[in-house]
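Here's protein.txt, which has compact mmCIF, C-alpha atoms:
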# COMPACT_ATOMS: atom_id res chain seq x y z
CA MET A 1 -77.36 -9.60 -122.78
CA ASP A 2 -79.00 -10.69 -119.54
CA THR A 3 -81.76 -13.27 -119.61
CA MET A 4 -85.37 -12.83 -118.54
CA ARG A 5 -84.61 -14.71 -115.34
CA ASP A 6 -81.58 -12.48 -114.68
CA ARG A 7 -83.99 -9.55 -114.75
CA PHE A 8 -86.56 -11.26 -112.51
CA GLY A 9 -84.65 -11.19 -109.22
CA PRO A 10 -83.65 -7.50 -109.23
CA VAL A 11 -87.09 -6.34 -110.42
CA VAL A 12 -89.02 -8.27 -107.79
CA SER A 13 -86.47 -7.34 -105.10
CA GLN A 14 -87.14 -3.69 -105.91
CA LEU A 15 -90.90 -4.32 -105.71
CA LEU A 16 -90.39 -5.89 -102.28
CA ASP A 17 -88.74 -2.65 -101.17
CA GLU A 18 -91.46 -0.46 -102.67
CA ASP A 19 -94.65 -2.37 -101.83
CA PRO A 20 -95.28 -3.90 -98.39
CA ARG A 21 -97.89 -6.22 -99.93
CA VAL A 22 -95.36 -8.06 -102.10
CA ALA A 23 -94.02 -11.39 -100.88
CA VAL A 24 -91.80 -13.96 -102.60
CA VAL A 25 -92.31 -17.70 -102.19
CA LEU A 26 -89.60 -20.10 -103.40
CA ALA A 27 -88.91 -23.83 -103.34
CA GLU A 28 -85.09 -23.78 -103.22
CA ILE A 29 -84.74 -22.90 -106.90
CA GLY A 30 -83.86 -19.22 -107.32
CA THR A 31 -83.05 -18.52 -103.68
CA ASP A 32 -79.60 -17.06 -104.47
CA GLY A 33 -81.22 -14.19 -106.36
CA PHE A 34 -83.14 -13.10 -103.26
CA GLU A 35 -80.48 -13.34 -100.53
CA ALA A 36 -80.13 -9.58 -100.14
CA ALA A 37 -83.89 -9.07 -100.28
CA ARG A 38 -84.39 -11.80 -97.66
CA ARG A 39 -82.07 -10.00 -95.27
CA ARG A 40 -84.09 -6.79 -95.72
CA HIS A 41 -87.49 -8.50 -95.63
CA PRO A 42 -87.15 -11.85 -93.83
CA GLU A 43 -90.88 -12.08 -93.21
CA ARG A 44 -91.71 -11.66 -96.92
CA VAL A 45 -89.10 -13.85 -98.64
CA ILE A 46 -90.03 -17.44 -97.88
CA ASN A 47 -88.30 -20.64 -98.97
CA VAL A 48 -90.48 -23.72 -98.36
CA GLY A 49 -87.84 -26.20 -99.50
CA ILE A 50 -88.39 -28.81 -102.19
CA ARG A 51 -92.13 -28.99 -101.57
CA GLU A 52 -93.95 -27.63 -104.60
CA GLN A 53 -97.48 -28.36 -103.35
CA LEU A 54 -96.68 -26.37 -100.22
CA LEU A 55 -95.21 -23.64 -102.44
CA ILE A 56 -98.65 -22.95 -103.93
CA GLY A 57 -100.53 -23.54 -100.68
CA ALA A 58 -98.33 -21.09 -98.81
CA ALA A 59 -98.77 -18.50 -101.55
CA ALA A 60 -102.55 -18.89 -101.37
CA GLY A 61 -102.45 -18.42 -97.61
CA LEU A 62 -100.40 -15.25 -97.97
CA ALA A 63 -102.84 -13.96 -100.58
CA LEU A 64 -105.79 -14.57 -98.27
CA THR A 65 -104.10 -12.36 -95.65
CA GLY A 66 -103.89 -9.50 -98.16
CA LEU A 67 -100.38 -9.98 -99.52
CA ARG A 68 -99.40 -10.20 -103.19
CA PRO A 69 -97.27 -13.38 -103.48
CA VAL A 70 -94.80 -13.85 -106.31
CA VAL A 71 -94.11 -17.58 -106.67
CA HIS A 72 -91.12 -18.90 -108.59
CA THR A 73 -89.62 -22.18 -109.75
CA PHE A 74 -89.26 -24.20 -112.96
CA ALA A 75 -92.47 -24.44 -114.98
CA SER A 76 -92.82 -28.19 -114.51
CA PHE A 77 -92.67 -27.72 -110.71
CA LEU A 78 -94.83 -24.59 -110.68
CA VAL A 79 -97.79 -25.59 -112.85
CA GLU A 80 -97.70 -29.33 -113.47
CA ARG A 81 -96.56 -30.93 -110.19
CA PRO A 82 -98.79 -28.83 -107.86
CA PHE A 83 -101.69 -28.45 -110.31
CA GLU A 84 -104.29 -29.53 -107.75
CA GLN A 85 -103.15 -26.73 -105.46
CA VAL A 86 -103.19 -24.24 -108.34
CA LYS A 87 -106.77 -25.33 -109.08
CA LEU A 88 -108.05 -25.39 -105.49
CA ASP A 89 -105.84 -23.27 -103.23
CA LEU A 90 -105.67 -20.40 -105.71
CA GLY A 91 -108.58 -20.87 -108.11
CA HIS A 92 -111.32 -22.27 -105.88
CA GLN A 93 -110.51 -19.82 -103.09
CA ASP A 94 -110.22 -16.82 -105.45
CA ALA A 95 -106.74 -16.18 -104.11
CA GLY A 96 -104.54 -14.11 -106.40
CA ALA A 97 -100.86 -14.75 -107.03
CA VAL A 98 -98.16 -14.17 -109.62
CA LEU A 99 -96.61 -17.46 -110.77
CA VAL A 100 -93.27 -16.85 -112.50
CA SER A 101 -91.71 -19.85 -114.21
CA ALA A 102 -88.30 -20.68 -115.63
CA ALA A 103 -87.09 -23.41 -118.02
CA ALA A 104 -90.10 -23.00 -120.36
CA SER A 105 -90.65 -25.89 -122.79
CA PHE A 106 -87.07 -27.14 -123.09
CA ASP A 107 -84.70 -24.39 -121.96
CA TRP A 108 -82.54 -26.87 -120.06
CA PRO A 109 -82.51 -30.03 -122.20
CA ALA A 110 -79.82 -31.66 -120.04
CA GLY A 111 -82.34 -31.69 -117.18
CA GLY A 112 -84.49 -34.15 -119.10
CA TYR A 113 -88.25 -34.36 -119.40
CA THR A 114 -88.79 -33.72 -115.68
CA HIS A 115 -87.60 -30.14 -116.28
CA MET A 116 -89.65 -29.49 -119.42
CA ALA A 117 -93.20 -28.14 -119.50
CA PRO A 118 -94.55 -27.57 -123.01
CA GLY A 119 -98.09 -28.17 -121.72
CA ASP A 120 -98.14 -25.50 -119.00
CA VAL A 121 -100.27 -22.89 -120.77
CA ALA A 122 -102.67 -25.54 -122.07
CA LEU A 123 -103.05 -26.85 -118.53
CA LEU A 124 -103.87 -23.39 -117.17
CA ASP A 125 -106.45 -23.10 -119.95
CA THR A 126 -108.54 -25.66 -118.09
CA LEU A 127 -108.96 -23.13 -115.26
CA ASP A 128 -110.90 -19.88 -115.14
CA GLY A 129 -109.58 -16.38 -114.85
CA TRP A 130 -105.84 -16.66 -115.47
CA THR A 131 -103.83 -13.97 -117.23
CA VAL A 132 -100.83 -15.45 -119.08
CA HIS A 133 -97.81 -13.39 -120.15
CA VAL A 134 -95.14 -14.84 -122.46
CA PRO A 135 -92.40 -12.21 -122.89
CA GLY A 136 -89.92 -12.51 -125.73
CA HIS A 137 -87.16 -10.29 -124.33
CA PRO A 138 -85.84 -9.33 -120.86
CA ASP A 139 -87.18 -5.76 -121.24
CA GLU A 140 -90.63 -7.16 -121.95
CA ALA A 141 -90.28 -9.53 -119.01
CA GLU A 142 -89.64 -6.59 -116.69
CA THR A 143 -92.64 -4.69 -118.02
CA LEU A 144 -94.94 -7.69 -117.71
CA LEU A 145 -93.67 -8.60 -114.24
CA ARG A 146 -94.51 -5.12 -113.05
CA HIS A 147 -97.95 -5.36 -114.68
CA ALA A 148 -98.53 -8.72 -113.03
CA VAL A 149 -97.60 -7.62 -109.52
CA ALA A 150 -99.70 -4.48 -109.86
CA ALA A 151 -102.74 -6.42 -111.09
CA GLY A 152 -104.67 -6.25 -107.83
CA ASP A 153 -105.55 -9.76 -106.71
CA ASP A 154 -105.57 -11.35 -110.16
CA LYS A 155 -104.14 -14.77 -110.93
CA VAL A 156 -101.23 -14.24 -113.33
CA TYR A 157 -98.71 -16.59 -114.93
CA VAL A 158 -95.47 -15.11 -116.33
CA ARG A 159 -93.54 -17.58 -118.49
CA LEU A 160 -89.83 -16.74 -118.62
CA SER A 161 -87.43 -18.33 -121.10
CA VAL A 162 -83.74 -18.27 -121.96
CA GLN A 163 -84.84 -17.98 -125.59
CA SER A 164 -85.07 -14.33 -126.56
CA ASN A 165 -85.64 -12.05 -129.51
CA ALA A 166 -82.84 -9.64 -130.37
CA GLN A 167 -84.87 -6.58 -129.39
CA GLY A 168 -87.76 -5.95 -127.05
CA LEU A 169 -90.92 -4.20 -128.18
CA ARG A 170 -93.23 -1.91 -126.25
CA VAL A 171 -95.89 -4.15 -124.72
CA ASP A 172 -98.80 -3.21 -122.49
CA GLY A 173 -99.83 -6.47 -120.85
CA ALA A 174 -102.99 -6.79 -122.91
CA ARG A 175 -102.85 -6.22 -126.66
CA PHE A 176 -101.07 -7.83 -129.59
CA VAL A 177 -98.63 -5.65 -131.52
CA THR A 178 -98.84 -5.40 -135.32
CA VAL A 179 -95.29 -5.90 -136.59
CA ARG A 180 -95.89 -6.38 -140.31
CA GLU A 181 -98.93 -5.99 -142.60
CA GLY A 182 -99.89 -8.09 -145.61
CA HIS A 183 -102.83 -9.56 -147.50
CA ALA A 184 -102.31 -13.33 -147.72
CA GLY A 185 -102.90 -14.41 -144.13
CA VAL A 186 -102.23 -13.61 -140.48
CA VAL A 187 -99.36 -15.09 -138.48
CA VAL A 188 -99.45 -14.67 -134.69
CA ALA A 189 -95.97 -15.05 -133.18
CA VAL A 190 -95.81 -15.60 -129.42
CA GLY A 191 -92.99 -14.38 -127.20
CA PRO A 192 -89.48 -15.61 -128.02
CA LEU A 193 -90.52 -17.01 -131.42
CA LEU A 194 -91.01 -13.58 -133.00
CA ASP A 195 -87.54 -13.34 -134.56
CA ALA A 196 -87.79 -16.81 -136.12
CA THR A 197 -91.28 -15.98 -137.40
CA LEU A 198 -90.18 -12.70 -138.95
CA SER A 199 -87.27 -14.45 -140.64
CA ALA A 200 -89.59 -17.21 -141.84
CA THR A 201 -92.08 -14.76 -143.34
CA GLU A 202 -89.57 -12.35 -144.87
CA GLY A 203 -90.84 -11.39 -148.33
CA LEU A 204 -94.23 -13.08 -147.80
CA ASP A 205 -97.39 -10.99 -148.10
CA VAL A 206 -98.64 -11.72 -144.59
CA THR A 207 -99.58 -9.78 -141.49
CA VAL A 208 -97.51 -10.64 -138.40
CA LEU A 209 -98.97 -9.98 -134.97
CA TYR A 210 -96.81 -10.24 -131.87
CA ALA A 211 -98.37 -11.66 -128.71
CA THR A 212 -96.78 -11.43 -125.26
CA THR A 213 -100.07 -11.64 -123.39
CA VAL A 214 -101.92 -14.70 -124.64
CA ARG A 215 -104.66 -14.92 -122.01
CA PRO A 216 -106.93 -13.13 -122.35
CA PHE A 217 -106.46 -13.68 -126.08
CA ASP A 218 -106.64 -10.41 -128.04
CA LYS A 219 -109.59 -11.26 -130.26
CA THR A 220 -110.01 -7.64 -131.34
CA ALA A 221 -106.50 -7.45 -132.82
CA LEU A 222 -106.94 -10.73 -134.67
CA ARG A 223 -110.31 -9.68 -136.08
CA ARG A 224 -108.90 -6.37 -137.22
CA ALA A 225 -105.94 -8.04 -138.92
CA THR A 226 -108.16 -10.46 -140.84
CA GLU A 227 -110.14 -7.60 -142.37
CA THR A 228 -107.28 -6.91 -144.77
CA ALA A 229 -105.18 -10.09 -144.58
CA GLY A 230 -107.96 -12.68 -144.81
CA THR A 231 -109.06 -15.33 -142.36
CA ASP A 232 -106.26 -17.87 -142.76
CA VAL A 233 -104.44 -17.75 -139.40
CA VAL A 234 -101.20 -19.37 -138.26
CA LEU A 235 -100.27 -19.46 -134.58
CA VAL A 236 -96.58 -19.87 -133.72
CA GLU A 237 -96.32 -20.67 -130.01
CA PRO A 238 -93.29 -21.71 -127.91
CA TYR A 239 -95.32 -24.33 -126.04
CA LEU A 240 -97.71 -27.14 -126.98
CA ALA A 241 -98.83 -26.87 -130.61
CA GLY A 242 -102.48 -25.88 -130.90
CA THR A 243 -102.78 -24.33 -127.44
CA SER A 244 -104.47 -21.18 -128.77
CA THR A 245 -106.31 -22.57 -131.80
CA ALA A 246 -109.62 -22.63 -129.91
CA ALA A 247 -109.17 -19.00 -128.84
CA ALA A 248 -108.42 -17.95 -132.43
CA ALA A 249 -111.36 -19.95 -133.76
CA ASP A 250 -113.64 -18.35 -131.19
CA ALA A 251 -112.51 -14.90 -132.29
CA LEU A 252 -113.52 -15.76 -135.87
CA ALA A 253 -116.57 -17.89 -135.08
CA ASP A 254 -118.94 -15.91 -137.30
CA VAL A 255 -116.73 -15.98 -140.43
CA ARG A 256 -115.24 -18.78 -142.48
CA HIS A 257 -111.66 -19.31 -141.42
CA ARG A 258 -108.75 -21.74 -141.16
CA VAL A 259 -106.33 -21.97 -138.25
CA LEU A 260 -102.97 -23.76 -138.10
CA GLY A 261 -101.31 -24.22 -134.72
CA LEU A 262 -97.53 -24.56 -134.74
CA GLY A 263 -95.59 -25.23 -131.57
CA VAL A 264 -94.00 -27.99 -129.52
CA GLY A 265 -95.18 -31.43 -130.59
CA ARG A 266 -96.58 -34.06 -128.23
CA ARG A 267 -93.91 -36.62 -129.11
CA GLU A 268 -91.29 -36.75 -126.38
CA LEU A 269 -87.73 -36.24 -127.58
CA ARG A 270 -85.65 -38.62 -125.50
CA ARG A 271 -82.20 -37.30 -126.43
CA TYR A 272 -81.17 -34.27 -124.46
CA GLY A 273 -79.43 -32.28 -127.20
CA ILE A 274 -79.42 -28.49 -127.08
CA VAL A 275 -82.18 -25.90 -127.37
CA GLU A 276 -81.56 -25.29 -131.08
CA GLU A 277 -81.88 -29.01 -131.83
CA HIS A 278 -85.20 -29.14 -129.99
CA LEU A 279 -86.46 -26.13 -131.95
CA ALA A 280 -85.52 -27.81 -135.22
CA ALA A 281 -87.03 -31.15 -134.18
CA HIS A 282 -90.34 -29.44 -133.45
CA GLY A 283 -90.24 -27.44 -136.69
CA LEU A 284 -89.82 -24.11 -134.93
CA ASP A 285 -86.63 -22.95 -136.62
CA ALA A 286 -87.00 -20.27 -139.29
CA GLY A 287 -86.55 -22.62 -142.25
CA SER A 288 -89.14 -25.11 -141.07
CA LEU A 289 -91.58 -22.37 -140.15
CA ARG A 290 -91.24 -20.79 -143.59
CA GLU A 291 -92.05 -24.06 -145.32
CA ARG A 292 -95.00 -24.88 -143.04
CA ILE A 293 -96.49 -21.38 -143.11
CA GLY A 294 -96.07 -21.06 -146.88
CA ARG A 295 -97.68 -24.44 -147.54
CA PHE A 296 -100.69 -23.66 -145.33
CA LEU A 297 -101.25 -20.19 -146.78
CA GLY A 298 -100.54 -21.27 -150.34
CA VAL A 299 -97.86 -18.65 -150.90
CA ALA A 300 -94.58 -19.18 -152.73
CA VAL A 301 -91.71 -19.17 -150.25
CA GLY A 302 -88.78 -19.21 -152.66
CA VAL A 303 -85.50 -20.90 -151.87
What does the file become when written as C-alpha cells?
Amino acid sequence: MDTMRDRFGPVVSQLLDEDPRVAVVLAEIGTDGFEAARRRHPERVINVGIREQLLIGAAAGLALTGLRPVVHTFASFLVERPFEQVKLDLGHQDAGAVLVSAAASFDWPAGGYTHMAPGDVALLDTLDGWTVHVPGHPDEAETLLRHAVAAGDDKVYVRLSVQSNAQGLRVDGARFVTVREGHAGVVVAVGPLLDATLSATEGLDVTVLYATTVRPFDKTALRRATETAGTDVVLVEPYLAGTSTAAAADALADVRHRVLGLGVGRRELRRYGIVEEHLAAHGLDAGSLRERIGRFLGVAVGV
C-alpha cells in the first residue's frame, strides 16, 4: 500500500494542472515528486532551498497575489523552525496557505529529535483560525488534501504520516465519524491511531469516535456521543498528549465530565529505535492503550 506522502505528490500535481491558482513551495525535501509538474508549471513549482523561514514567507507572498500555495516539508521544519513566519507572514497578514507536513511525531526515528515534531498541533493551537487535518489512511489524505486546497483562502495544516490504519473511512473535512457505540465512556481516536484504539477497546462498552479533522474540534459530535455514553472522555492523539483536552473540556463545559489525554509524552526518547518502539514507549500500542483506557473508565479489560 502506498503511504500518505506517496499520494501527496500526484494529487497536488493534478491540482496544479487543474487550477491556475495552485502553487507548490518546497525547501529541497520532496522536490523529486514534483519534477514533472515543475516542467509543466515552472512558475508555480518553487524550491527555495534549505531556507524554511523563506519557505513560509514566499508562500505568504504568493497568497497575497491571489495564489493558493501548498507548502511541504518535514513537520519540524514546517511548523516549529519557521513558527515566527507562520504567525506573522501568514496569520498576521491573513494570508491563506496549505501546509502539508511529513515525518509526523517520530516517523523517521533514525533522523533523531531534529526530525520529530510531536508538538506541532499544540503549537498551531496558539494561533487563530487554523484548520488541522490528521488523516489516518492515504485515501483520507487525498480527500483532505483536496478539501484543503479548495478551502478558499483559509489557513490549513495537513499532517501526513507513514503510520496508517488498514482501511480508510469516508471523511468530510469537518465532522468526527462514529465507529462504535457504547455506554461506559467516549474514546476519540485521531488519525492513524484508530486501528490501535479499536483493538484496545474491543469488547469494552464504549463509544469510539474517529477524528481526522481536529481543528475546528467537532464539539457537536462529542456532545451527542456523551448523551448515551456518559461524560468520561479519552482522547488518543498521535502527537503531544493532552493537545485537545481543552477543546474537549470546552465542549462539555456545562456538564460534569472527566477527560484523559493520551498521546506522545514530553520526555525525549534519546535512542532512535523504530516507530513501533516509540509507540510502545509512549503507551500508544494497543495493549498499553487498553490498560490505560480501562483504568480511567473503570471497566474490566480482561486478559
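For the atom pair formed by CA of Val179 in chain A and CA of Thr201 in chain A, the distance is 11.6 Å, given to one decimal.
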**OP:** List the residues sitting within 10 Å of (-106.9, -16.1, -120.9) in the file's frame, using only C-alpha atoms, as a PyMOL selection string.
**Re:** chain A and resi 121+124-125+127-133+156+213-218+244+247
**OP:** Do a neighbour search on Ala246 in chain A at 12 Å with only C-alpha atoms, toss out local chain neighbours closer than 6 positions, and write the hits as a PyMOL selection string.
**Re:** chain A and resi 122+125+217+219+233+235+252-253+258-261
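In this structure, CA of Ala37 in chain A sits 16.1 Å away from CA of Arg5 in chain A.
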Can you tell me which residues surround Ala221 in chain A at a distance of at most 10 Å, considering only C-alpha atoms, apart from same-chain residues fewer than 3 positions away, and format the answer as a PDB file with C-alpha atoms, in the coordinates of the input?
ATOM      1  CA  ARG A 175    -102.850  -6.220-126.660  1.00  0.00           C
ATOM      2  CA  PHE A 176    -101.070  -7.830-129.590  1.00  0.00           C
ATOM      3  CA  VAL A 177     -98.630  -5.650-131.520  1.00  0.00           C
ATOM      4  CA  THR A 178     -98.840  -5.400-135.320  1.00  0.00           C
ATOM      5  CA  LEU A 209     -98.970  -9.980-134.970  1.00  0.00           C
ATOM      6  CA  PHE A 217    -106.460 -13.680-126.080  1.00  0.00           C
ATOM      7  CA  ASP A 218    -106.640 -10.410-128.040  1.00  0.00           C
ATOM      8  CA  ARG A 224    -108.900  -6.370-137.220  1.00  0.00           C
ATOM      9  CA  ALA A 225    -105.940  -8.040-138.920  1.00  0.00           C
ATOM     10  CA  THR A 226    -108.160 -10.460-140.840  1.00  0.00           C
ATOM     11  CA  ALA A 251    -112.510 -14.900-132.290  1.00  0.00           C
TER      12      ALA A 251
END
